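Data file: query.cif. Format and content: mmCIF, C-alpha atoms.
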data_data
#
loop_
_atom_site.label_atom_id
_atom_site.label_comp_id
_atom_site.auth_asym_id
_atom_site.auth_seq_id
_atom_site.Cartn_x
_atom_site.Cartn_y
_atom_site.Cartn_z
CA MET A 74 7.53 -21.48 -25.04
CA ILE A 75 4.52 -20.86 -22.79
CA LEU A 76 3.86 -22.69 -19.54
CA PHE A 77 0.42 -23.78 -18.36
CA LEU A 78 -0.75 -22.86 -14.89
CA PHE A 79 -3.48 -25.17 -13.59
CA CYS A 80 -5.71 -23.89 -10.78
CA GLY A 81 -8.52 -26.12 -9.64
CA ALA A 82 -10.88 -27.71 -12.14
CA ALA A 83 -10.03 -27.62 -15.81
CA GLN A 84 -11.64 -24.71 -17.64
CA ALA A 85 -10.91 -22.23 -20.42
CA GLN A 86 -7.51 -20.76 -19.76
CA GLN A 87 -6.54 -17.15 -20.29
CA ARG A 88 -3.14 -15.64 -20.87
CA LEU A 89 -1.74 -13.72 -17.92
CA THR A 90 1.36 -11.59 -18.34
CA LEU A 91 3.29 -10.00 -15.49
CA GLN A 92 2.01 -6.54 -16.38
CA GLU A 93 -1.59 -7.81 -16.38
CA ALA A 94 -1.06 -9.40 -12.97
CA ILE A 95 0.27 -6.08 -11.65
CA ALA A 96 -2.65 -4.15 -13.17
CA LYS A 97 -5.23 -6.47 -11.60
CA THR A 98 -3.50 -6.25 -8.24
CA LEU A 99 -3.50 -2.45 -8.31
CA LYS A 100 -7.15 -2.39 -9.34
CA HIS A 101 -8.58 -4.83 -6.83
CA ASN A 102 -6.37 -4.48 -3.74
CA PHE A 103 -8.33 -3.25 -0.71
CA ASP A 104 -5.38 -1.58 1.00
CA ILE A 105 -4.68 0.54 -2.07
CA GLY A 106 -8.36 1.56 -2.24
CA ILE A 107 -8.33 2.58 1.42
CA ALA A 108 -5.11 4.57 0.99
CA ASP A 109 -6.54 6.27 -2.10
CA LEU A 110 -9.66 7.38 -0.23
CA ALA A 111 -7.50 8.70 2.63
CA ALA A 112 -5.50 10.74 0.10
CA HIS A 113 -8.71 12.21 -1.35
CA GLN A 114 -9.88 13.11 2.16
CA ALA A 115 -6.60 14.91 2.86
CA VAL A 116 -6.96 16.91 -0.37
CA ARG A 117 -10.49 17.96 0.60
CA ASN A 118 -9.34 18.97 4.08
CA ASN A 119 -6.41 21.06 2.82
CA THR A 120 -8.17 24.44 2.49
CA PHE A 121 -7.56 27.90 3.91
CA GLY A 122 -10.98 27.79 5.52
CA ASN A 123 -10.13 24.60 7.40
CA ALA A 124 -6.89 26.23 8.56
CA GLY A 125 -8.84 29.13 10.09
CA PHE A 126 -8.11 31.94 7.61
CA SER A 127 -11.67 32.49 6.42
CA PRO A 128 -14.46 34.21 8.36
CA TYR A 129 -17.66 32.44 9.25
CA VAL A 130 -20.83 34.12 7.95
CA LEU A 131 -24.23 32.99 9.18
CA LEU A 132 -27.70 34.10 8.24
CA ASN A 133 -30.36 33.53 10.88
CA ALA A 134 -34.03 34.42 10.71
CA GLY A 135 -36.89 33.88 13.06
CA ILE A 136 -40.55 34.74 13.34
CA THR A 137 -42.58 34.63 16.50
CA GLU A 138 -46.37 34.96 16.71
CA SER A 139 -48.59 34.77 19.74
CA ARG A 140 -52.23 35.36 20.64
CA SER A 141 -53.16 36.23 24.21
CA ASN A 142 -56.14 37.25 26.31
CA VAL A 143 -54.87 40.58 27.63
CA HIS A 144 -56.24 42.77 30.43
CA SER A 145 -54.13 45.87 31.13
CA GLU A 146 -54.73 48.75 33.57
CA LEU A 147 -52.54 51.66 32.55
CA ALA A 148 -51.12 54.42 34.76
CA SER A 149 -53.40 56.93 33.01
CA GLY A 150 -56.38 55.04 34.33
CA ALA A 151 -57.24 53.56 30.97
CA VAL A 152 -58.10 49.90 30.83
CA GLN A 153 -57.35 47.62 27.88
CA ASN A 154 -59.17 44.38 27.32
CA ASN A 155 -58.36 42.27 24.30
CA PRO A 156 -59.35 38.59 24.39
CA ASN A 157 -57.41 37.89 21.18
CA ALA A 158 -54.33 40.14 21.26
CA LYS A 159 -51.88 39.30 18.47
CA MET A 160 -48.11 39.84 18.68
CA VAL A 161 -45.76 39.23 15.73
CA ASN A 162 -41.94 39.55 15.76
CA TYR A 163 -39.54 39.25 12.80
CA ASN A 164 -35.78 39.18 13.41
CA PRO A 165 -33.52 38.20 10.45
CA ILE A 166 -29.82 38.83 11.09
CA ALA A 167 -26.53 38.19 9.30
CA THR A 168 -23.51 37.61 11.52
CA VAL A 169 -19.80 37.29 10.81
CA ASN A 170 -17.08 35.87 13.04
CA TRP A 171 -13.46 36.31 11.96
CA THR A 172 -10.33 35.45 13.86
CA ILE A 173 -7.87 38.23 13.09
CA TYR A 174 -4.94 36.96 15.15
CA ASP A 175 -4.47 33.63 16.89
CA GLY A 176 -0.75 33.60 17.55
CA GLY A 177 0.08 32.31 14.05
CA LYS A 178 -1.91 29.12 14.55
CA MET A 179 -3.73 29.40 11.22
CA PHE A 180 -0.45 29.56 9.27
CA LEU A 181 0.86 26.51 11.10
CA MET A 182 -2.44 24.70 10.53
CA LYS A 183 -2.15 25.30 6.77
CA LYS A 184 1.40 23.91 6.80
CA GLU A 185 0.16 20.88 8.73
CA LEU A 186 -2.66 20.31 6.23
CA ASN A 187 -0.09 20.47 3.42
CA GLU A 188 2.07 17.91 5.22
CA LEU A 189 -0.91 15.65 5.87
CA GLU A 190 -1.86 15.76 2.20
CA THR A 191 1.70 14.88 1.22
CA LEU A 192 1.76 12.17 3.88
CA THR A 193 -1.35 10.45 2.52
CA GLN A 194 0.06 10.65 -1.01
CA VAL A 195 3.24 8.96 0.19
CA GLN A 196 1.15 6.33 1.98
CA LEU A 197 -0.72 5.63 -1.26
CA LYS A 198 2.52 5.37 -3.24
CA THR A 199 4.02 3.12 -0.58
CA GLN A 200 1.02 0.81 -0.67
CA MET A 201 1.16 0.63 -4.45
CA GLN A 202 4.88 -0.09 -4.45
CA THR A 203 4.36 -2.83 -1.87
CA MET A 204 1.55 -4.47 -3.85
CA VAL A 205 3.50 -4.28 -7.11
CA SER A 206 6.47 -5.90 -5.38
CA ARG A 207 4.27 -8.68 -4.02
CA ALA A 208 2.66 -9.23 -7.43
CA ILE A 209 6.06 -9.54 -9.14
CA GLN A 210 7.39 -11.91 -6.49
CA MET A 211 4.26 -14.09 -6.53
CA TYR A 212 4.22 -14.19 -10.32
CA ALA A 213 7.92 -15.12 -10.28
CA GLU A 214 7.13 -17.86 -7.77
CA VAL A 215 4.49 -19.30 -10.10
CA VAL A 216 6.95 -19.24 -13.00
CA TRP A 217 9.57 -20.87 -10.77
CA HIS A 218 7.24 -23.72 -9.78
CA ASN A 219 6.36 -24.16 -13.43
CA LYS A 220 10.05 -24.45 -14.20
CA GLN A 221 10.50 -26.93 -11.37
CA LEU A 222 7.72 -28.97 -12.90
CA ILE A 223 9.53 -28.91 -16.25
CA ALA A 224 12.71 -30.08 -14.54
CA ALA A 225 10.75 -32.92 -12.95
CA GLY A 226 9.32 -33.79 -16.37
CA THR A 227 12.81 -33.84 -17.84
CA ALA A 228 13.99 -36.11 -15.04
CA LEU A 229 10.99 -38.38 -15.62
CA SER A 230 11.76 -38.58 -19.34
CA LEU A 231 15.43 -39.40 -18.71
CA ALA A 232 14.55 -42.08 -16.16
CA LYS A 233 12.07 -43.61 -18.58
CA THR A 234 14.67 -43.67 -21.35
CA ARG A 235 17.21 -45.35 -19.08
CA MET A 236 14.56 -47.81 -17.91
CA GLU A 237 13.70 -48.77 -21.48
CA ILE A 238 17.38 -49.19 -22.42
CA SER A 239 18.02 -51.29 -19.30
CA ASP A 240 14.99 -53.46 -20.05
CA LEU A 241 16.14 -53.99 -23.63
CA LYS A 242 19.65 -54.95 -22.46
CA TYR A 243 18.18 -57.35 -19.92
CA GLN A 244 15.87 -58.97 -22.47
CA THR A 245 18.78 -59.46 -24.90
CA GLY A 246 21.19 -60.65 -22.22
CA ALA A 247 23.46 -57.61 -22.58
CA GLY A 248 22.70 -56.27 -19.10
CA ALA A 249 21.64 -57.26 -15.61
CA LYS A 250 18.11 -57.03 -14.27
CA ILE A 251 19.34 -54.90 -11.38
CA ASP A 252 19.94 -52.05 -13.82
CA TYR A 253 16.31 -52.21 -14.95
CA LEU A 254 15.02 -52.35 -11.40
CA GLN A 255 17.10 -49.33 -10.39
CA ALA A 256 15.80 -47.38 -13.40
CA ARG A 257 12.23 -48.38 -12.51
CA VAL A 258 12.68 -47.16 -8.93
CA ASP A 259 14.10 -43.87 -10.20
CA TYR A 260 11.19 -43.48 -12.64
CA ASN A 261 8.62 -43.95 -9.87
CA ALA A 262 10.50 -41.49 -7.64
CA ARG A 263 10.43 -38.89 -10.41
CA GLN A 264 6.67 -39.35 -10.75
CA SER A 265 6.29 -38.66 -7.04
CA ASP A 266 8.43 -35.52 -7.38
CA SER A 267 6.18 -34.32 -10.19
CA LEU A 268 3.09 -34.61 -7.98
CA THR A 269 4.81 -32.54 -5.28
CA PHE A 270 5.70 -29.82 -7.78
CA VAL A 271 2.12 -29.75 -9.08
CA ALA A 272 0.83 -29.20 -5.52
CA ASN A 273 3.35 -26.38 -4.96
CA LEU A 274 2.35 -24.81 -8.26
CA MET A 275 -1.35 -24.83 -7.41
CA GLN A 276 -0.69 -23.27 -4.01
CA ALA A 277 1.39 -20.46 -5.56
CA ALA A 278 -1.27 -19.91 -8.21
CA ASP A 279 -4.01 -19.59 -5.59
CA SER A 280 -1.96 -17.01 -3.68
CA LEU A 281 -1.49 -14.97 -6.86
CA SER A 282 -5.21 -15.16 -7.67
CA ILE A 283 -6.14 -13.92 -4.20
CA LEU A 284 -3.70 -11.00 -4.50
CA MET A 285 -5.26 -10.04 -7.86
CA GLY A 286 -8.78 -10.33 -6.43
CA GLU A 287 -9.61 -13.10 -8.87
CA ASN A 288 -11.48 -16.36 -8.40
CA GLU A 289 -8.99 -18.88 -7.02
CA ASP A 290 -10.36 -21.52 -9.40
CA ASN A 291 -9.28 -19.50 -12.44
CA SER A 292 -6.73 -21.10 -14.75
CA TYR A 293 -4.03 -19.01 -16.43
CA ILE A 294 -1.25 -19.35 -18.96
CA VAL A 295 1.84 -17.54 -17.69
CA ASP A 296 5.16 -16.68 -19.30
CA ASP A 297 7.88 -19.30 -19.12
CA SER A 298 10.50 -16.76 -18.03
CA LEU A 299 10.89 -13.21 -16.76
CA ASP A 300 13.27 -10.45 -17.71
CA LEU A 301 16.33 -10.59 -15.49
CA ASN A 302 18.73 -7.72 -14.91
CA THR A 303 22.21 -9.19 -14.49
CA GLN A 304 23.96 -5.81 -14.67
CA GLN A 305 25.49 -4.55 -11.46
CA PRO A 306 23.36 -1.74 -9.92
CA ARG A 307 24.71 1.76 -10.48
CA ASP A 308 23.96 3.58 -7.23
CA LYS A 309 23.82 2.32 -3.68
CA ASP A 310 23.19 5.69 -2.01
CA ARG A 311 19.67 6.48 -3.23
CA LEU A 312 17.83 5.26 -0.15
CA ARG A 313 17.48 8.54 1.76
CA ASP A 314 16.05 10.38 -1.25
CA ASP A 315 13.95 7.63 -2.84
CA ASN A 316 12.66 5.24 -0.20
CA LEU A 317 8.95 5.82 0.40
CA THR A 318 8.83 4.23 3.84
CA LEU A 319 11.60 6.53 5.03
CA SER A 320 9.78 9.48 3.48
CA LEU A 321 6.66 8.43 5.37
CA PHE A 322 8.43 8.57 8.72
CA ARG A 323 10.04 11.87 7.79
CA HIS A 324 6.66 13.47 7.06
CA ASN A 325 5.24 12.03 10.28
CA ALA A 326 8.04 13.73 12.21
CA GLU A 327 7.35 16.99 10.38
CA VAL A 328 3.67 16.85 11.33
CA SER A 329 4.61 16.28 14.97
CA HIS A 330 6.87 19.35 14.95
CA LEU A 331 4.05 21.45 13.52
CA ASN A 332 1.72 20.13 16.22
CA ALA A 333 4.25 21.20 18.84
CA GLN A 334 4.37 24.70 17.34
CA ILE A 335 0.57 24.85 17.22
CA ALA A 336 0.39 23.89 20.90
CA ASN A 337 2.65 26.86 21.74
CA THR A 338 0.26 29.31 20.03
CA TYR A 339 -2.34 28.68 22.74
CA PHE A 340 -0.17 30.74 25.12
CA LEU A 341 -0.65 33.82 22.91
CA PRO A 342 -3.58 36.26 22.78
CA ASN A 343 -6.47 35.74 20.42
CA LEU A 344 -8.16 38.66 18.65
CA SER A 345 -11.46 38.11 16.88
CA PHE A 346 -14.05 40.28 15.20
CA ASN A 347 -17.77 39.70 15.57
CA GLY A 348 -20.25 41.70 13.56
CA GLY A 349 -23.53 41.57 11.80
CA TYR A 350 -26.48 43.31 10.31
CA GLY A 351 -29.85 42.81 11.92
CA TYR A 352 -33.48 43.66 11.37
CA ASN A 353 -36.16 43.49 14.06
CA GLN A 354 -39.85 44.25 13.72
CA THR A 355 -42.53 43.77 16.33
CA SER A 356 -46.27 44.31 16.02
CA ASN A 357 -48.33 44.26 19.21
CA ALA A 358 -52.07 44.67 19.48
CA THR A 359 -51.88 45.97 23.05
CA GLY A 360 -49.42 47.80 25.25
CA PHE A 361 -47.57 51.13 25.06
CA SER A 362 -45.91 50.35 21.70
CA LEU A 363 -48.06 48.94 18.97
CA PHE A 364 -45.31 48.80 16.34
CA THR A 365 -41.51 48.75 16.66
CA ARG A 366 -38.85 48.38 13.95
CA SER A 367 -35.06 48.56 14.16
CA TYR A 368 -32.23 47.62 11.79
CA GLY A 369 -28.55 48.31 11.24
CA PRO A 370 -25.02 46.96 11.59
CA ASN A 371 -23.20 46.03 14.77
CA GLY A 372 -19.70 44.86 15.54
CA SER A 373 -17.22 44.14 18.30
CA LEU A 374 -13.58 43.16 18.80
CA THR A 375 -12.77 40.52 21.39
CA LEU A 376 -9.32 40.03 22.83
CA SER A 377 -8.73 36.82 24.76
CA VAL A 378 -5.56 36.38 26.79
CA PRO A 379 -4.92 33.00 28.46
CA VAL A 380 -3.87 33.66 32.04
CA PHE A 381 -4.34 30.38 33.87
CA GLU A 382 -5.98 27.13 32.80
CA GLY A 383 -4.86 24.73 35.47
CA GLY A 384 -1.57 24.03 33.71
CA ASN A 385 -3.28 22.33 30.77
CA LEU A 386 -1.70 24.55 28.13
CA ARG A 387 1.79 23.88 29.45
CA ARG A 388 1.02 20.17 29.66
CA GLN A 389 -0.29 20.06 26.09
CA SER A 390 2.76 21.94 24.82
CA LYS A 391 5.14 19.58 26.63
CA VAL A 392 3.34 16.48 25.39
CA ALA A 393 3.43 17.77 21.79
CA SER A 394 7.18 18.50 22.10
CA LEU A 395 7.83 15.02 23.48
CA GLN A 396 5.83 13.50 20.64
CA ALA A 397 7.95 15.42 18.12
CA MET A 398 11.12 14.13 19.80
CA ARG A 399 9.70 10.61 19.77
CA ASP A 400 8.91 10.77 16.05
CA ASP A 401 12.40 12.10 15.34
CA LEU A 402 13.86 9.08 17.10
CA ILE A 403 11.52 6.76 15.21
CA TYR A 404 12.68 8.33 11.95
CA GLU A 405 16.34 7.88 12.85
CA LYS A 406 15.67 4.30 13.92
CA GLN A 407 13.86 3.57 10.67
CA ASN A 408 16.65 5.20 8.72
CA THR A 409 19.14 2.86 10.40
CA ILE A 410 16.94 -0.22 9.87
CA LEU A 411 16.26 0.58 6.23
CA GLY A 412 19.93 1.31 5.66
CA ARG A 413 20.77 -2.16 6.89
CA GLN A 414 17.96 -3.70 4.83
CA TYR A 415 19.15 -1.79 1.79
CA ARG A 416 22.74 -2.96 2.16
CA THR A 417 21.51 -6.52 2.67
CA ALA A 418 19.24 -6.30 -0.37
CA TRP A 419 22.10 -5.04 -2.53
CA LYS A 420 24.41 -7.79 -1.31
CA ASN A 421 21.71 -10.43 -1.95
CA TYR A 422 21.20 -8.98 -5.42
CA GLU A 423 24.91 -9.13 -6.22
CA VAL A 424 25.11 -12.70 -4.95
CA ALA A 425 22.00 -13.65 -6.95
CA VAL A 426 23.53 -12.21 -10.13
CA ALA A 427 26.75 -14.16 -9.58
CA ALA A 428 24.85 -17.37 -8.77
CA TYR A 429 22.65 -17.05 -11.85
CA ASN A 430 25.63 -16.46 -14.15
CA LEU A 431 27.40 -19.45 -12.63
CA GLU A 432 24.40 -21.77 -12.96
CA HIS A 433 23.77 -20.55 -16.50
CA GLU A 434 27.31 -21.61 -17.38
CA ASN A 435 27.15 -24.83 -15.38
CA ILE A 436 24.02 -26.12 -17.16
CA LEU A 437 25.99 -26.35 -20.42
CA PHE A 438 28.57 -28.64 -18.85
CA ALA A 439 25.88 -30.75 -17.16
CA LYS A 440 24.04 -31.18 -20.48
CA GLU A 441 27.21 -32.17 -22.32
CA ASN A 442 28.11 -34.67 -19.58
CA LEU A 443 24.61 -36.16 -19.76
CA ASP A 444 24.76 -36.60 -23.53
CA VAL A 445 28.13 -38.33 -23.31
CA GLN A 446 27.07 -40.69 -20.52
CA LEU A 447 23.82 -41.65 -22.30
CA VAL A 448 25.75 -42.55 -25.46
CA ARG A 449 28.24 -44.59 -23.43
CA PHE A 450 25.38 -46.38 -21.65
CA ARG A 451 23.60 -47.20 -24.93
CA VAL A 452 26.67 -48.85 -26.42
CA GLY A 453 27.50 -50.70 -23.23
CA VAL A 454 30.64 -48.78 -22.32
CA GLY A 455 29.16 -46.81 -19.45
CA THR A 456 27.49 -48.26 -16.38
CA THR A 457 23.98 -47.59 -15.13
CA LEU A 458 25.41 -45.81 -12.10
CA GLU A 459 27.31 -43.38 -14.34
CA ALA A 460 24.21 -42.70 -16.44
CA ARG A 461 22.07 -42.27 -13.35
CA GLN A 462 24.58 -39.86 -11.80
CA ALA A 463 24.69 -37.82 -15.00
CA GLU A 464 20.89 -37.61 -15.02
CA ASN A 465 20.76 -36.49 -11.41
CA ASP A 466 23.51 -33.92 -11.99
CA TYR A 467 21.70 -32.46 -15.00
CA VAL A 468 18.31 -32.32 -13.28
CA THR A 469 19.88 -30.78 -10.17
CA ALA A 470 21.65 -28.23 -12.38
CA LEU A 471 18.32 -27.38 -14.03
CA GLU A 472 16.63 -26.91 -10.65
CA ARG A 473 19.51 -24.75 -9.42
CA LEU A 474 19.33 -22.62 -12.56
CA TYR A 475 15.59 -22.08 -12.19
CA THR A 476 15.99 -21.33 -8.48
CA ALA A 477 18.82 -18.88 -9.22
CA ALA A 478 16.60 -17.09 -11.76
CA TYR A 479 13.79 -16.85 -9.21
CA ASN A 480 16.13 -15.58 -6.48
CA LEU A 481 17.57 -13.02 -8.87
CA LYS A 482 14.11 -11.69 -9.77
CA VAL A 483 13.05 -11.48 -6.13
CA SER A 484 16.31 -9.78 -5.10
CA GLU A 485 16.01 -7.29 -7.94
CA THR A 486 12.39 -6.54 -7.03
CA ILE A 487 13.27 -5.90 -3.37
CA VAL A 488 16.01 -3.44 -4.37
CA LEU A 489 13.67 -1.63 -6.78
CA GLU A 490 10.96 -1.45 -4.13
CA LEU A 491 13.39 0.13 -1.66
CA GLU A 492 14.39 2.64 -4.35
CA ASN A 493 10.78 3.45 -5.32
CA GLN A 494 11.39 2.25 -8.88
CA LEU A 495 8.55 -0.24 -9.38
CA VAL A 496 5.82 2.27 -10.26
CA LYS A 497 7.53 4.86 -12.43
CA PRO A 498 4.69 7.44 -12.64
CA LEU A 499 4.64 7.68 -8.84
CA SER A 500 8.30 8.54 -8.48
CA PRO A 501 8.76 11.83 -6.58
#

I'd like the structure from this file rewritten - as structure tokens, please.
Amino acid sequence: MILFLFCGAAQAQQRLTLQEAIAKTLKHNFDIGIADLAAHQAVRNNTFGNAGFSPYVLLNAGITESRSNVHSELASGAVQNNPNAKMVNYNPIATVNWTIYDGGKMFLMKKELNELETLTQVQLKTQMQTMVSRAIQMYAEVVWHNKQLIAAGTALSLAKTRMEISDLKYQTGAGAKIDYLQARVDYNARQSDSLTFVANLMQAADSLSILMGENEDNSYIVDDSLDLNTQQPRDKDRLRDDNLTLSLFRHNAEVSHLNAQIANTYFLPNLSFNGGYGYNQTSNATGFSLFTRSYGPNGSLTLSVPVFEGGNLRRQSKVASLQAMRDDLIYEKQNTILGRQYRTAWKNYEVAVAAYNLEHENILFAKENLDVQLVRFRVGVGTTLEARQAENDYVTALERLYTAAYNLKVSETIVLELENQLVKPLSP
């Protein structure tokens, strides 16, 4: 059986499965797009050149030309007069700058870039897991409200049947009018309940549409039920290895430790090589030298030793160390919090499984009791109060069963999200 999900004005409806809802959410969610771009940026930044291993090579070239009105009196007594003296200079040069030793900073920088790339990948996976979890829970909520609407429809049908039987008994003198009036009141109350469930359904449907990036006026046909795992979970100790949020804090702490080590490298000497190959040519219409040309390589080694910088290096190193300690504490705190959340999620899941199994069994007894009471009421053996109570018990049992199924799906989804099991290809 398929349930109809009405959102806004009536229009052509399209089928929407849970997997399609998840796919649309992953495709259109802004937070996932932002995390994906951040991951691509980290990949682009993770190079040996960005870490400082590679030399920098520059090619510069310049040309200078001037025209001057020159009057020169030389030591030999000669006089030069040139009202349009031309001077041209060419100076192309290739230079290279290469840091040979920087206290190991470049190796630490490459490790940090690796960690940052991993960190952004974990952030992307975390965002995807979160959105998949939200999509499953919202879809389950829509299915739940649909089920609640079915329960209300069942209650409405039962109240109408009892109202018609009571009216027939009253018209034939086999029953009192009070029975008919009570059935009529119950029928109207069930109609009011149906309107409330419709409003709840539309609100849940709008929330799901917004999450998927769809028009909130779209109308979908959703499944009438979801797969439920009623087996007891096999492993309660997977959190430290599998939880993405915990992994995120762990990588943050690792980056902070690398930053602290990088800050300590500024105390060490720095050795760099500077070299190049240059060409210089000058033509001058006046003066002692009319033409000059020079070319060839050049190079130098520069050793820089930090002696005193106003205590800034020591301050930076201390701040970086404190930040690493702070992130370690944050990781331990998060580990404790997630451990508690994980234990709570498992307990909720176990309770939800037990509740669902109980309600699934209870609905059979409620249905049998309802059938018996309706037969007794038709033949005049049972009273209207007994029939009404049986109806209420059955409808309540239906609502509890549907609620138990919804709670079970939500509890299962929360556990799977904590274990990084919702998006299988992204599992580490």

Can you spell out as an MDAnalysis selection string the set of residues that the PyMOL selection byres ((chain A and resi 177) around 12) selects in the structure I just provided? chainID A and resid 124:126 172:176 178:184 331 334:344

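The interatomic distance for the pair atom CA of Pro128 of chain A and atom CA of Val169 of chain A works out to 6.6 Å.
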
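One distance worth recording is that between atom CA of Ser298 of chain A and atom CA of Asn465 of chain A, which is 23.2 Å.
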
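The coordinates place atom CA of Ser267 of chain A at 22.6 Å from atom CA of Leu447 of chain A.
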
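If you count all atoms listed in the file and ignore residues fewer than 5 places along the chain from segment 276-287 of chain A, what sits within 9 Å of it is A:Leu78, A:Phe79, A:Cys80, A:Gly81, A:Ala94, A:Ile95, A:Ala96, A:Lys97, A:Thr98, A:Leu99, A:Lys100, A:His101, A:Asn102, A:Met204, A:Arg207, A:Ala208, A:Met211, A:Tyr212, A:Glu214, A:Val215, A:His218, A:Val271, A:Ser292, A:Tyr293.
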
Keeping C-alpha atoms for every residue in the selection just given, could you write it to a file as a PDB file, keeping the file's coordinate frame?
ATOM      1  CA  LEU A  78      -0.750 -22.860 -14.890  1.00  0.00           C
ATOM      2  CA  PHE A  79      -3.480 -25.170 -13.590  1.00  0.00           C
ATOM      3  CA  CYS A  80      -5.710 -23.890 -10.780  1.00  0.00           C
ATOM      4  CA  GLY A  81      -8.520 -26.120  -9.640  1.00  0.00           C
ATOM      5  CA  ALA A  94      -1.060  -9.400 -12.970  1.00  0.00           C
ATOM      6  CA  ILE A  95       0.270  -6.080 -11.650  1.00  0.00           C
ATOM      7  CA  ALA A  96      -2.650  -4.150 -13.170  1.00  0.00           C
ATOM      8  CA  LYS A  97      -5.230  -6.470 -11.600  1.00  0.00           C
ATOM      9  CA  THR A  98      -3.500  -6.250  -8.240  1.00  0.00           C
ATOM     10  CA  LEU A  99      -3.500  -2.450  -8.310  1.00  0.00           C
ATOM     11  CA  LYS A 100      -7.150  -2.390  -9.340  1.00  0.00           C
ATOM     12  CA  HIS A 101      -8.580  -4.830  -6.830  1.00  0.00           C
ATOM     13  CA  ASN A 102      -6.370  -4.480  -3.740  1.00  0.00           C
ATOM     14  CA  MET A 204       1.550  -4.470  -3.850  1.00  0.00           C
ATOM     15  CA  ARG A 207       4.270  -8.680  -4.020  1.00  0.00           C
ATOM     16  CA  ALA A 208       2.660  -9.230  -7.430  1.00  0.00           C
ATOM     17  CA  MET A 211       4.260 -14.090  -6.530  1.00  0.00           C
ATOM     18  CA  TYR A 212       4.220 -14.190 -10.320  1.00  0.00           C
ATOM     19  CA  GLU A 214       7.130 -17.860  -7.770  1.00  0.00           C
ATOM     20  CA  VAL A 215       4.490 -19.300 -10.100  1.00  0.00           C
ATOM     21  CA  HIS A 218       7.240 -23.720  -9.780  1.00  0.00           C
ATOM     22  CA  VAL A 271       2.120 -29.750  -9.080  1.00  0.00           C
ATOM     23  CA  SER A 292      -6.730 -21.100 -14.750  1.00  0.00           C
ATOM     24  CA  TYR A 293      -4.030 -19.010 -16.430  1.00  0.00           C
TER      25      TYR A 293
END

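Considering only C-alpha atoms, the residue among A:Asn357, A:Asn316, A:Gln462, A:Ser390 positioned nearest to Ser329 of chain A is A:Ser390.
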
All residues 12 Å or closer to Arg235 of chain A, only C-alpha atoms, same chain fewer than 6 positions away omitted, as a list in words: Ala228, Leu229, Leu241, Lys242, Asp252, Tyr253, Leu254, Gln255, Ala256, Arg257, Val258, Asp259, Tyr260, Leu443, Gln446, Leu447, Val448, Arg449, Phe450, Arg451, Thr456, Thr457, Leu458, Glu459, Ala460, Arg461, Gln462, Ala463 and Glu464 of chain A

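When the PyMOL selection byres ((chain A and resi 162-165) around 10) is run on the displayed coordinates, the residues it returns are Leu132, Asn133, Ala134, Gly135, Ile136, Thr137, Glu138, Ser139, Met160, Val161, Ile166, Ala167, Tyr350, Gly351, Tyr352, Asn353, Gln354, Thr355, Ser356, Asn357, Phe364, Thr365, Arg366, Ser367 and Tyr368 of chain A.
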
Tell me which residues the PyMOL selection byres ((chain A and resi 320) around 12) grabs here, as a PyMOL selection string. chain A and resi 188+191-196+198-199+312-319+321-327+404-405+407-408+411+491-493+501

Around all of segment 110-126 of chain A's listed atoms, make the axis-aligned box with 5 Å on each side and tell me centre and edge lengths in Å to one decimal, as AutoDock Vina command-line options.
--center_x -8.2 --center_y 19.7 --center_z 4.4 --size_x 15.5 --size_y 34.6 --size_z 21.4

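Applying the 9 Å criterion to (-21.7, 45.5, 9.0) in file coordinates and using all atoms listed in the file, one obtains the residues Ala167, Thr168, Val169, Gly348, Gly349, Tyr350, Gly369, Pro370, Asn371 and Gly372 of chain A.
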
Which is closer to Leu471 of chain A than all the others in A:Ala224, A:Ala213, A:Ile238, A:Leu495, using all atoms listed in the file? A:Ala224

Nearest to Asn430 of chain A by atom-to-atom distance, counting all atoms listed in the file, from A:Arg413, A:Leu301, A:Val452, A:Val488: A:Leu301

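Ranking A:Thr476, A:Asn332, A:Ser265, A:Thr469 by their shortest atom-to-atom distance to Ala393 of chain A, with all atoms listed in the file included, puts A:Asn332 first.
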
Which residues are close to Lys220 of chain A, i.e. within 8 Å by all atoms listed in the file, leaving aside same-chain residues fewer than 2 positions away? Reply as a PDB file with C-alpha atoms, in the coordinates of the input.
ATOM      1  CA  VAL A 216       6.950 -19.240 -13.000  1.00  0.00           C
ATOM      2  CA  TRP A 217       9.570 -20.870 -10.770  1.00  0.00           C
ATOM      3  CA  HIS A 218       7.240 -23.720  -9.780  1.00  0.00           C
ATOM      4  CA  LEU A 222       7.720 -28.970 -12.900  1.00  0.00           C
ATOM      5  CA  ILE A 223       9.530 -28.910 -16.250  1.00  0.00           C
ATOM      6  CA  ALA A 224      12.710 -30.080 -14.540  1.00  0.00           C
ATOM      7  CA  ASP A 297       7.880 -19.300 -19.120  1.00  0.00           C
ATOM      8  CA  GLU A 472      16.630 -26.910 -10.650  1.00  0.00           C
ATOM      9  CA  TYR A 475      15.590 -22.080 -12.190  1.00  0.00           C
TER      10      TYR A 475
END

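Minimum atom-to-atom distances from A:Asp104, A:Asp296, A:Asp466, A:Glu485 to Trp419 of chain A were compared using all atoms listed in the file, and the lowest value belongs to A:Glu485.
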
Ser141 of chain A surroundings by all atoms listed in the file, 9 Å radius, close-in-sequence under 4 positions cut, as a PyMOL selection string: chain A and resi 155-160

Pick from A:Arg140, A:Ser394, A:Thr269, A:Val468: nearest to Val328 of chain A, with all atoms listed in the file counted? A:Ser394
